[in-house]
file structure13.txt (compact mmCIF, C-alpha atoms)
# COMPACT_ATOMS: atom_id res chain seq x y z
CA MET A 1 -9.98 -23.95 -41.45
CA GLU A 2 -7.39 -22.12 -43.57
CA ARG A 3 -4.82 -19.84 -42.00
CA LEU A 4 -3.40 -16.69 -43.54
CA ALA A 5 -0.36 -14.79 -42.30
CA CYS A 6 0.66 -11.15 -42.53
CA ILE A 7 4.00 -9.49 -41.73
CA GLY A 8 3.98 -5.75 -41.13
CA ILE A 9 7.34 -4.02 -41.58
CA GLY A 10 6.99 -1.04 -39.29
CA SER A 11 9.36 1.75 -38.34
CA ASN A 12 9.87 0.42 -34.82
CA ALA A 13 9.15 -3.30 -35.12
CA ILE A 14 8.51 -6.15 -37.55
CA ARG A 15 5.29 -7.97 -36.63
CA LEU A 16 3.61 -11.22 -37.61
CA LEU A 17 -0.09 -12.06 -37.40
CA ILE A 18 -1.45 -15.51 -38.22
CA ALA A 19 -5.25 -15.70 -38.30
CA ARG A 20 -8.26 -17.59 -39.57
CA ARG A 21 -11.81 -16.61 -40.31
CA GLU A 22 -14.52 -17.67 -37.90
CA GLY A 23 -17.90 -16.71 -39.31
CA GLU A 24 -17.84 -12.94 -39.73
CA ARG A 25 -14.87 -12.27 -37.50
CA LEU A 26 -11.10 -12.54 -37.65
CA CYS A 27 -9.59 -14.93 -35.12
CA ALA A 28 -5.93 -14.23 -34.32
CA LEU A 29 -3.96 -17.43 -33.75
CA ARG A 30 -0.46 -16.07 -33.24
CA ARG A 31 1.22 -12.71 -32.88
CA GLU A 32 4.97 -12.20 -32.88
CA ARG A 33 7.11 -9.07 -32.69
CA ARG A 34 10.75 -8.31 -33.39
CA GLY A 35 11.95 -4.84 -32.39
CA THR A 36 14.40 -3.59 -35.03
CA ARG A 37 13.95 0.23 -34.96
CA LEU A 38 14.18 0.39 -38.74
CA PHE A 39 13.40 4.12 -38.79
CA ALA A 40 16.43 4.84 -36.59
CA GLY A 41 18.51 3.47 -39.47
CA LEU A 42 17.13 6.04 -41.89
CA VAL A 43 20.13 8.33 -42.28
CA ASN A 44 20.27 11.16 -44.85
CA GLY A 45 17.21 9.74 -46.57
CA ALA A 46 18.46 6.15 -46.92
CA LEU A 47 18.42 3.03 -44.74
CA THR A 48 21.83 1.94 -43.48
CA GLN A 49 23.06 -1.52 -44.44
CA GLN A 50 23.05 -2.54 -40.78
CA SER A 51 19.39 -1.55 -40.32
CA ILE A 52 18.44 -3.31 -43.56
CA GLN A 53 20.21 -6.50 -42.50
CA SER A 54 18.63 -6.72 -39.03
CA SER A 55 15.12 -6.08 -40.33
CA VAL A 56 15.47 -8.41 -43.31
CA GLU A 57 16.65 -11.15 -40.95
CA ALA A 58 13.55 -10.55 -38.79
CA VAL A 59 11.32 -10.81 -41.85
CA GLY A 60 12.94 -14.10 -42.81
CA GLU A 61 12.54 -15.49 -39.30
CA LEU A 62 8.86 -14.54 -39.10
CA ALA A 63 8.13 -15.85 -42.59
CA ALA A 64 9.58 -19.22 -41.55
CA LEU A 65 7.39 -19.21 -38.42
CA ALA A 66 4.29 -18.47 -40.50
CA ARG A 67 4.93 -21.38 -42.84
CA ALA A 68 5.81 -23.74 -39.96
CA ASP A 69 2.45 -22.80 -38.40
CA GLY A 70 0.62 -23.89 -41.54
CA ALA A 71 -0.26 -20.52 -43.10
CA ARG A 72 -1.68 -21.14 -46.58
CA GLU A 73 -0.52 -17.75 -47.83
CA LEU A 74 1.81 -15.03 -46.56
CA PHE A 75 1.33 -11.31 -47.18
CA ILE A 76 3.91 -8.65 -46.35
CA PHE A 77 3.58 -4.87 -46.32
CA ALA A 78 5.92 -2.05 -45.30
CA THR A 79 5.09 1.37 -43.86
CA SER A 80 6.76 4.67 -43.01
CA ALA A 81 10.50 3.89 -42.84
CA VAL A 82 10.55 1.96 -46.14
CA ARG A 83 8.14 4.48 -47.71
CA ASP A 84 10.52 7.32 -46.90
CA ALA A 85 13.79 5.59 -47.81
CA ALA A 86 15.53 6.35 -51.10
CA ASN A 87 16.72 2.72 -51.10
CA GLY A 88 13.34 1.27 -50.15
CA GLU A 89 13.32 -0.91 -53.27
CA GLU A 90 16.65 -2.45 -52.27
CA PHE A 91 15.15 -3.32 -48.89
CA THR A 92 11.98 -4.85 -50.35
CA ALA A 93 13.98 -6.94 -52.85
CA LEU A 94 16.05 -8.46 -50.03
CA ALA A 95 12.96 -9.03 -47.88
CA GLU A 96 11.27 -10.79 -50.79
CA ASP A 97 14.31 -13.02 -51.28
CA VAL A 98 14.35 -14.24 -47.67
CA SER A 99 10.57 -14.56 -47.29
CA GLY A 100 9.50 -15.88 -50.67
CA ALA A 101 6.61 -13.39 -50.68
CA ARG A 102 5.99 -10.05 -52.37
CA VAL A 103 6.45 -6.95 -50.21
CA GLU A 104 3.90 -4.19 -50.74
CA ILE A 105 4.76 -0.63 -49.71
CA VAL A 106 1.49 0.92 -48.56
CA THR A 107 0.79 4.64 -48.67
CA GLY A 108 0.17 6.56 -45.46
CA GLU A 109 -3.54 6.85 -46.20
CA GLU A 110 -3.78 3.11 -46.95
CA GLU A 111 -2.06 2.40 -43.65
CA ALA A 112 -4.58 4.63 -41.87
CA VAL A 113 -7.54 2.80 -43.43
CA LEU A 114 -6.08 -0.62 -42.55
CA SER A 115 -5.71 0.44 -38.90
CA TYR A 116 -9.31 1.62 -38.87
CA LEU A 117 -10.55 -1.67 -40.33
CA GLY A 118 -8.52 -3.57 -37.76
CA ALA A 119 -9.54 -1.61 -34.66
CA SER A 120 -12.99 -0.09 -35.26
CA GLU A 121 -16.04 -1.88 -33.92
CA GLY A 122 -18.49 0.12 -36.01
CA GLY A 123 -20.59 3.21 -35.46
CA SER A 124 -19.20 6.73 -35.45
CA CYS A 125 -15.51 6.14 -34.82
CA GLY A 126 -12.10 7.78 -34.98
CA VAL A 127 -8.85 5.82 -34.88
CA ILE A 128 -5.39 7.09 -33.89
CA ASP A 129 -2.46 4.84 -34.81
CA ILE A 130 0.90 6.00 -33.46
CA GLY A 131 3.85 4.27 -35.09
CA GLY A 132 7.58 4.79 -35.06
CA GLY A 133 7.79 7.02 -38.13
CA SER A 134 4.25 8.29 -38.67
CA THR A 135 0.86 8.69 -37.03
CA GLU A 136 -2.39 7.87 -38.82
CA PHE A 137 -5.84 9.36 -38.20
CA THR A 138 -9.01 7.87 -39.67
CA LEU A 139 -12.64 8.92 -39.23
CA GLY A 140 -15.50 6.67 -40.24
CA GLU A 141 -19.11 5.58 -39.92
CA GLY A 142 -19.17 1.83 -39.60
CA ALA A 143 -17.30 0.42 -42.60
CA ARG A 144 -17.51 3.75 -44.48
CA ILE A 145 -14.28 5.78 -44.37
CA LEU A 146 -14.94 9.53 -44.16
CA GLY A 147 -11.32 10.65 -44.09
CA ALA A 148 -7.82 9.27 -43.55
CA LYS A 149 -4.52 11.05 -43.05
CA SER A 150 -0.94 10.04 -42.29
CA LEU A 151 1.38 12.57 -40.65
CA GLN A 152 5.20 12.55 -40.49
CA MET A 153 5.09 12.32 -36.72
CA GLY A 154 6.01 9.03 -35.01
CA ALA A 155 7.55 8.11 -31.66
CA VAL A 156 10.99 7.23 -33.09
CA ARG A 157 10.97 10.17 -35.53
CA MET A 158 10.07 12.73 -32.84
CA THR A 159 12.62 11.28 -30.40
CA ALA A 160 15.33 11.60 -33.06
CA GLU A 161 14.41 15.28 -33.46
CA LEU A 162 14.32 15.99 -29.72
CA PRO A 163 14.92 13.30 -27.08
CA ILE A 164 12.58 13.98 -24.16
CA LEU A 165 14.81 14.21 -21.08
CA SER A 166 12.87 16.82 -19.10
CA GLU A 167 9.40 18.27 -18.63
CA GLU A 168 10.46 21.22 -20.79
CA ASP A 169 11.35 18.83 -23.62
CA TYR A 170 7.94 17.17 -23.27
CA VAL A 171 6.08 20.48 -23.50
CA GLN A 172 8.13 21.48 -26.56
CA THR A 173 7.34 18.18 -28.32
CA LEU A 174 3.67 18.40 -27.32
CA GLU A 175 3.39 21.88 -28.83
CA ARG A 176 5.20 20.81 -32.02
CA CYS A 177 2.88 17.83 -32.46
CA GLY A 178 -0.14 20.07 -32.00
CA ARG A 179 1.12 22.41 -34.71
CA ILE A 180 1.69 19.50 -37.11
CA ILE A 181 -1.83 18.15 -36.54
CA ARG A 182 -3.51 21.54 -36.93
CA ARG A 183 -1.52 22.23 -40.11
CA ASP A 184 -1.70 18.84 -41.85
CA ALA A 185 -5.00 17.35 -40.69
CA LYS A 186 -7.28 20.38 -41.22
CA GLU A 187 -9.85 18.41 -43.22
CA LEU A 188 -10.30 15.82 -40.48
CA LEU A 189 -10.41 18.43 -37.72
CA ALA A 190 -13.24 20.18 -39.58
CA MET A 191 -15.42 17.04 -39.57
CA SER A 192 -18.07 16.40 -36.93
CA PRO A 193 -16.82 14.81 -33.69
CA ARG A 194 -16.75 11.01 -33.43
CA ALA A 195 -18.85 9.22 -30.82
CA GLN A 196 -15.92 6.98 -29.91
CA TRP A 197 -12.16 6.99 -30.38
CA VAL A 198 -9.76 4.07 -30.51
CA GLY A 199 -5.99 4.14 -30.02
CA VAL A 200 -3.70 1.66 -31.79
CA GLY A 201 0.04 0.97 -31.55
CA GLY A 202 2.78 0.34 -29.02
CA THR A 203 2.24 3.67 -27.23
CA MET A 204 -1.35 2.66 -26.49
CA THR A 205 -0.66 -0.85 -25.21
CA THR A 206 2.26 0.45 -23.14
CA LEU A 207 0.03 3.08 -21.55
CA GLY A 208 -2.51 0.36 -20.76
CA ALA A 209 0.14 -1.82 -19.14
CA MET A 210 1.49 1.11 -17.11
CA GLN A 211 -2.02 2.04 -15.96
CA ARG A 212 -2.48 -1.49 -14.66
CA GLY A 213 1.08 -1.81 -13.41
CA ILE A 214 1.53 -5.16 -15.15
CA PRO A 215 4.27 -6.52 -17.44
CA LEU A 216 3.33 -6.14 -21.10
CA PHE A 217 3.95 -9.69 -22.28
CA ASP A 218 0.75 -9.79 -24.31
CA ALA A 219 -0.73 -6.66 -25.87
CA GLU A 220 -4.18 -8.32 -25.84
CA THR A 221 -4.30 -7.80 -22.05
CA CYS A 222 -4.90 -4.09 -22.75
CA GLU A 223 -7.65 -4.66 -25.33
CA GLY A 224 -10.75 -2.62 -24.51
CA MET A 225 -9.19 -0.59 -21.70
CA THR A 226 -9.95 3.13 -21.64
CA ILE A 227 -7.68 6.03 -20.77
CA THR A 228 -8.59 9.67 -20.26
CA LEU A 229 -6.86 12.78 -21.57
CA GLU A 230 -6.02 13.72 -17.97
CA GLU A 231 -4.31 10.34 -17.43
CA VAL A 232 -2.37 10.62 -20.70
CA ALA A 233 -1.13 14.11 -19.79
CA ARG A 234 -0.12 12.95 -16.32
CA TRP A 235 1.88 10.04 -17.73
CA GLY A 236 3.60 12.36 -20.19
CA MET A 237 4.90 14.73 -17.54
CA THR A 238 5.73 11.91 -15.13
CA LEU A 239 7.83 10.02 -17.68
CA ALA A 240 9.51 13.21 -18.92
CA GLY A 241 10.64 14.00 -15.38
CA MET A 242 12.28 10.60 -14.89
CA THR A 243 15.80 9.57 -15.71
CA MET A 244 16.14 6.88 -18.38
CA GLU A 245 17.12 4.38 -15.69
CA ARG A 246 13.97 5.09 -13.64
CA ARG A 247 11.78 4.73 -16.72
CA ARG A 248 13.21 1.26 -17.36
CA HIS A 249 11.81 0.15 -14.00
CA VAL A 250 8.25 1.47 -14.47
CA ALA A 251 5.85 -1.48 -14.27
CA GLY A 252 4.37 -2.13 -17.71
CA LEU A 253 7.03 -0.19 -19.63
CA MET A 254 9.33 -2.47 -21.62
CA PRO A 255 12.92 -1.18 -21.12
CA HIS A 256 13.58 -0.86 -24.87
CA ARG A 257 10.76 1.70 -25.10
CA ALA A 258 12.11 3.92 -22.31
CA ASP A 259 13.56 6.49 -24.71
CA ILE A 260 10.65 6.76 -27.16
CA ILE A 261 7.57 6.40 -24.93
CA PRO A 262 7.43 10.09 -23.84
CA SER A 263 7.35 11.14 -27.51
CA GLY A 264 4.55 8.67 -28.21
CA VAL A 265 2.58 10.01 -25.26
CA ALA A 266 3.16 13.61 -26.42
CA ILE A 267 1.78 12.72 -29.87
CA LEU A 268 -1.26 11.12 -28.25
CA GLU A 269 -1.91 14.01 -25.89
CA ALA A 270 -1.64 16.52 -28.75
CA ALA A 271 -4.02 14.43 -30.87
CA MET A 272 -6.59 14.09 -28.09
CA ARG A 273 -6.51 17.85 -27.47
CA CYS A 274 -6.78 18.73 -31.16
CA PHE A 275 -9.69 16.33 -31.78
CA ASP A 276 -11.39 17.07 -28.41
CA VAL A 277 -11.07 13.45 -27.24
CA GLU A 278 -11.69 13.01 -23.52
CA VAL A 279 -11.67 9.19 -23.39
CA LEU A 280 -9.83 6.77 -25.66
CA ARG A 281 -10.36 3.01 -25.99
CA LEU A 282 -7.11 1.09 -26.33
CA SER A 283 -6.77 -1.67 -28.91
CA ALA A 284 -4.10 -4.28 -29.65
CA HIS A 285 -5.57 -4.67 -33.16
CA GLY A 286 -4.30 -2.55 -36.01
CA ASN A 287 -3.20 -2.46 -39.62
CA MET A 288 -2.30 -6.15 -39.87
CA ASP A 289 -5.74 -7.13 -38.59
CA GLY A 290 -7.26 -4.79 -41.17
CA TYR A 291 -5.08 -6.26 -43.91
CA LEU A 292 -6.13 -9.84 -43.17
CA LYS A 293 -9.78 -8.82 -42.73
CA ARG A 294 -9.65 -7.62 -46.34
CA ARG A 295 -7.99 -10.84 -47.49
CA PHE A 296 -10.70 -12.91 -45.79
CA GLY A 297 -13.44 -10.70 -47.24
CA LEU A 298 -14.44 -9.34 -43.84
CA ALA A 299 -13.87 -5.66 -44.71
call {"tool": "encode", "arguments": {"input": "structure13.txt", "output": "structure tokens"}}
result
Amino acid sequence: MERLACIGIGSNAIRLLIARREGERLCALRRERRGTRLFAGLVNGALTQQSIQSSVEAVGELAALARADGARELFIFATSAVRDAANGEEFTALAEDVSGARVEIVTGEEEAVLSYLGASEGGSCGVIDIGGGSTEFTLGEGARILGAKSLQMGAVRMTAELPILSEEDYVQTLERCGRIIRRDAKELLAMSPRAQWVGVGGTMTTLGAMQRGIPLFDAETCEGMTITLEEVARWGMTLAGMTMERRRHVAGLMPHRADIIPSGVAILEAAMRCFDVEVLRLSAHGNMDGYLKRRFGLA
């Protein structure tokens, strides 16, 4: 059965998904990740040459893996960091050269919808996707999208504005995120509550791994877990009160996320409070799953 591949150029990592269609579902065959922190290289509105080079190299490596694995076609899309960069077209041209595939820059709202298609299991659902540069919110009924919004509020972006090194820093970031959500997502907040909520992105899978106290070698191990608002808030204050060195030794927290995870948790806590979410289901599936679902005619 034919395989398709998708590379997502995110603000924190470059990811690869190779999948095939099995009946009416998407079957993931391989997932790979290369952490490049592209958004951290966005300086004065443009990506630095160093950040471009490291991320373009990751794209080339993953494209080669996809073809070696027998993918019939390769799709590539870029999100917040490339969207925001004045030299985004320079980046995409280089990425296209090394990959041999066209790079599509998706809008924030398109990114939100793709995450919903990738993570929702139907019914009345809301999806929160926390990335490095932005956070997406989508509300839907089954396959019908009721509203989608992308906010300039990601774990790397918020950490760059205020590194969380104390409980006071955490509270300040939490309050700022709440203000951003209430200001920029008014239309979604005014809609009727969703019966279920799903969380997507590295913050979610990291929280799942920390809850279980297990190494996060495979994000799928956290698929379907639930976490409460109380647990999210407790993790936020606990991590904020730790030194960076102590965070690096927390079971389930990959050391390279030690600096940005409190900001991701603050975004999530603010979102859950604003949308009155008491329990969140964690998902390892997101915008790349949604992208390939569309390509296979499953969404």
call {"tool": "atom_distance", "arguments": {"input": "structure13.txt", "atom1": "CA of Val171 (chain A)", "atom2": "CA of Pro215 (chain A)"}}
result
27.7 Å
call {"tool": "residues_around", "arguments": {"input": "structure13.txt", "residues": "region 121-130 of chain A", "least_positions_apart": "2", "cutoff": "6 Å", "atoms": "all atoms listed in the file", "output": "list in words"}}
result
Tyr116, Thr135, Glu136, Phe137, Thr138, Leu139, Gly140, Glu141, Gly142, Arg194, Ala195, Gln196, Trp197, Val198, Gly199, Val200 and Gly201 of chain A
call {"tool": "atom_distance", "arguments": {"input": "structure13.txt", "atom1": "CA of Ala185 (chain A)", "atom2": "CA of Met204 (chain A)"}}
result
20.8 Å
call {"tool": "residues_near_point", "arguments": {"input": "structure13.txt", "point": "(-8.0, 17.2, -46.4)", "cutoff": "9 Å", "atoms": "only C-alpha atoms", "output": "MDAnalysis selection string"}}
result
chainID A and resid 147:149 184:188
call {"tool": "write_last_selection", "arguments": {"input": "structure13.txt", "atoms": "C-alpha atoms", "output": "CSV table (one decimal), in the frame of the given file"}}
result
chain,number,residue,atom,x,y,z
A,147,GLY,CA,-11.3,10.6,-44.1
A,148,ALA,CA,-7.8,9.3,-43.6
A,149,LYS,CA,-4.5,11.0,-43.0
A,184,ASP,CA,-1.7,18.8,-41.8
A,185,ALA,CA,-5.0,17.4,-40.7
A,186,LYS,CA,-7.3,20.4,-41.2
A,187,GLU,CA,-9.8,18.4,-43.2
A,188,LEU,CA,-10.3,15.8,-40.5
call {"tool": "closest_residue", "arguments": {"input": "structure13.txt", "among": "A:Ile145, A:Cys222, A:Ala266, A:Leu117", "to": "Asp169 (chain A)", "atoms": "only C-alpha atoms"}}
result
A:Ala266
call {"tool": "closest_residue", "arguments": {"input": "structure13.txt", "among": "A:Leu65, A:Met1, A:Ala112, A:Leu189", "to": "Glu22 (chain A)", "atoms": "only C-alpha atoms"}}
result
A:Met1
call {"tool": "residues_near_point", "arguments": {"input": "structure13.txt", "point": "(14.9, 10.8, -37.1)", "cutoff": "9 Å", "atoms": "all atoms listed in the file", "output": "number ranges by chain"}}
result
A: 39-43, 133, 156-161
call {"tool": "write_last_selection", "arguments": {"input": "structure13.txt", "atoms": "C-alpha atoms", "output": "compact mmCIF listing (two decimals), in the coordinates of the input"}}
result
# COMPACT_ATOMS: atom_id res chain seq x y z
CA PHE A 39 13.40 4.12 -38.79
CA ALA A 40 16.43 4.84 -36.59
CA GLY A 41 18.51 3.47 -39.47
CA LEU A 42 17.13 6.04 -41.89
CA VAL A 43 20.13 8.33 -42.28
CA GLY A 133 7.79 7.02 -38.13
CA VAL A 156 10.99 7.23 -33.09
CA ARG A 157 10.97 10.17 -35.53
CA MET A 158 10.07 12.73 -32.84
CA THR A 159 12.62 11.28 -30.40
CA ALA A 160 15.33 11.60 -33.06
CA GLU A 161 14.41 15.28 -33.46
call {"tool": "residues_around", "arguments": {"input": "structure13.txt", "residues": "Glu220 (chain A)", "least_positions_apart": "3", "cutoff": "10 Å", "atoms": "all atoms listed in the file", "output": "ChimeraX atom specification"}}
result
/A:31,205,216-217,223-224,282-285
call {"tool": "closest_residue", "arguments": {"input": "structure13.txt", "among": "A:Leu280, A:Leu4, A:Val232, A:Met254", "to": "Leu26 (chain A)", "atoms": "all atoms listed in the file"}}
result
A:Leu4
call {"tool": "residues_around", "arguments": {"input": "structure13.txt", "residues": "region 10-12 of chain A", "least_positions_apart": "5", "cutoff": "10 Å", "atoms": "only C-alpha atoms", "output": "list in words"}}
result
Arg34, Gly35, Thr36, Arg37, Leu38, Phe39, Ala40, Gly41, Leu42, Ser55, Phe77, Ala78, Thr79, Ser80, Ala81, Val82, Arg83, Gly131, Gly132, Gly133, Ser134, Gly154, Ala155, Val156, Arg157, Gly202, Arg257 and Ile260 of chain A
call {"tool": "write_last_selection", "arguments": {"input": "structure13.txt", "atoms": "C-alpha atoms", "output": "CSV table (one decimal), in the frame of the given file"}}
result
chain,number,residue,atom,x,y,z
A,34,ARG,CA,10.8,-8.3,-33.4
A,35,GLY,CA,12.0,-4.8,-32.4
A,36,THR,CA,14.4,-3.6,-35.0
A,37,ARG,CA,14.0,0.2,-35.0
A,38,LEU,CA,14.2,0.4,-38.7
A,39,PHE,CA,13.4,4.1,-38.8
A,40,ALA,CA,16.4,4.8,-36.6
A,41,GLY,CA,18.5,3.5,-39.5
A,42,LEU,CA,17.1,6.0,-41.9
A,55,SER,CA,15.1,-6.1,-40.3
A,77,PHE,CA,3.6,-4.9,-46.3
A,78,ALA,CA,5.9,-2.0,-45.3
A,79,THR,CA,5.1,1.4,-43.9
A,80,SER,CA,6.8,4.7,-43.0
A,81,ALA,CA,10.5,3.9,-42.8
A,82,VAL,CA,10.6,2.0,-46.1
A,83,ARG,CA,8.1,4.5,-47.7
A,131,GLY,CA,3.8,4.3,-35.1
A,132,GLY,CA,7.6,4.8,-35.1
A,133,GLY,CA,7.8,7.0,-38.1
A,134,SER,CA,4.2,8.3,-38.7
A,154,GLY,CA,6.0,9.0,-35.0
A,155,ALA,CA,7.6,8.1,-31.7
A,156,VAL,CA,11.0,7.2,-33.1
A,157,ARG,CA,11.0,10.2,-35.5
A,202,GLY,CA,2.8,0.3,-29.0
A,257,ARG,CA,10.8,1.7,-25.1
A,260,ILE,CA,10.6,6.8,-27.2
call {"tool": "residues_around", "arguments": {"input": "structure13.txt", "residues": "Asp276 (chain A)", "least_positions_apart": "2", "cutoff": "10 Å", "atoms": "only C-alpha atoms", "output": "NGL selection string"}}
result
:A and (189 or 193-194 or 229 or 270-274 or 278-279)
call {"tool": "atom_distance", "arguments": {"input": "structure13.txt", "atom1": "CA of Glu90 (chain A)", "atom2": "CA of Glu110 (chain A)"}}
result
21.8 Å
call {"tool": "closest_residue", "arguments": {"input": "structure13.txt", "among": "A:Tyr291, A:Thr203, A:Ala299, A:Ala85", "to": "Ile261 (chain A)", "atoms": "all atoms listed in the file"}}
result
A:Thr203
call {"tool": "closest_residue", "arguments": {"input": "structure13.txt", "among": "A:Gly60, A:Pro255, A:Gly45, A:Pro163", "to": "Ile76 (chain A)", "atoms": "only C-alpha atoms"}}
result
A:Gly60
call {"tool": "residues_around", "arguments": {"input": "structure13.txt", "residues": "Met244 (chain A)", "least_positions_apart": "3", "cutoff": "7 Å", "atoms": "only C-alpha atoms", "output": "PyMOL selection string"}}
result
chain A and resi 247-248+258-259
call {"tool": "closest_residue", "arguments": {"input": "structure13.txt", "among": "A:Thr107, A:Thr206, A:Thr226, A:Asn44", "to": "Val250 (chain A)", "atoms": "only C-alpha atoms"}}
result
A:Thr206
call {"tool": "axis_aligned_box", "arguments": {"input": "structure13.txt", "around": "region 167-186 of chain A", "padding_each_side": "6 Å", "output": "AutoDock Vina command-line options"}}
result
--center_x 2.0 --center_y 19.8 --center_z -30.2 --size_x 30.6 --size_y 17.2 --size_z 35.2
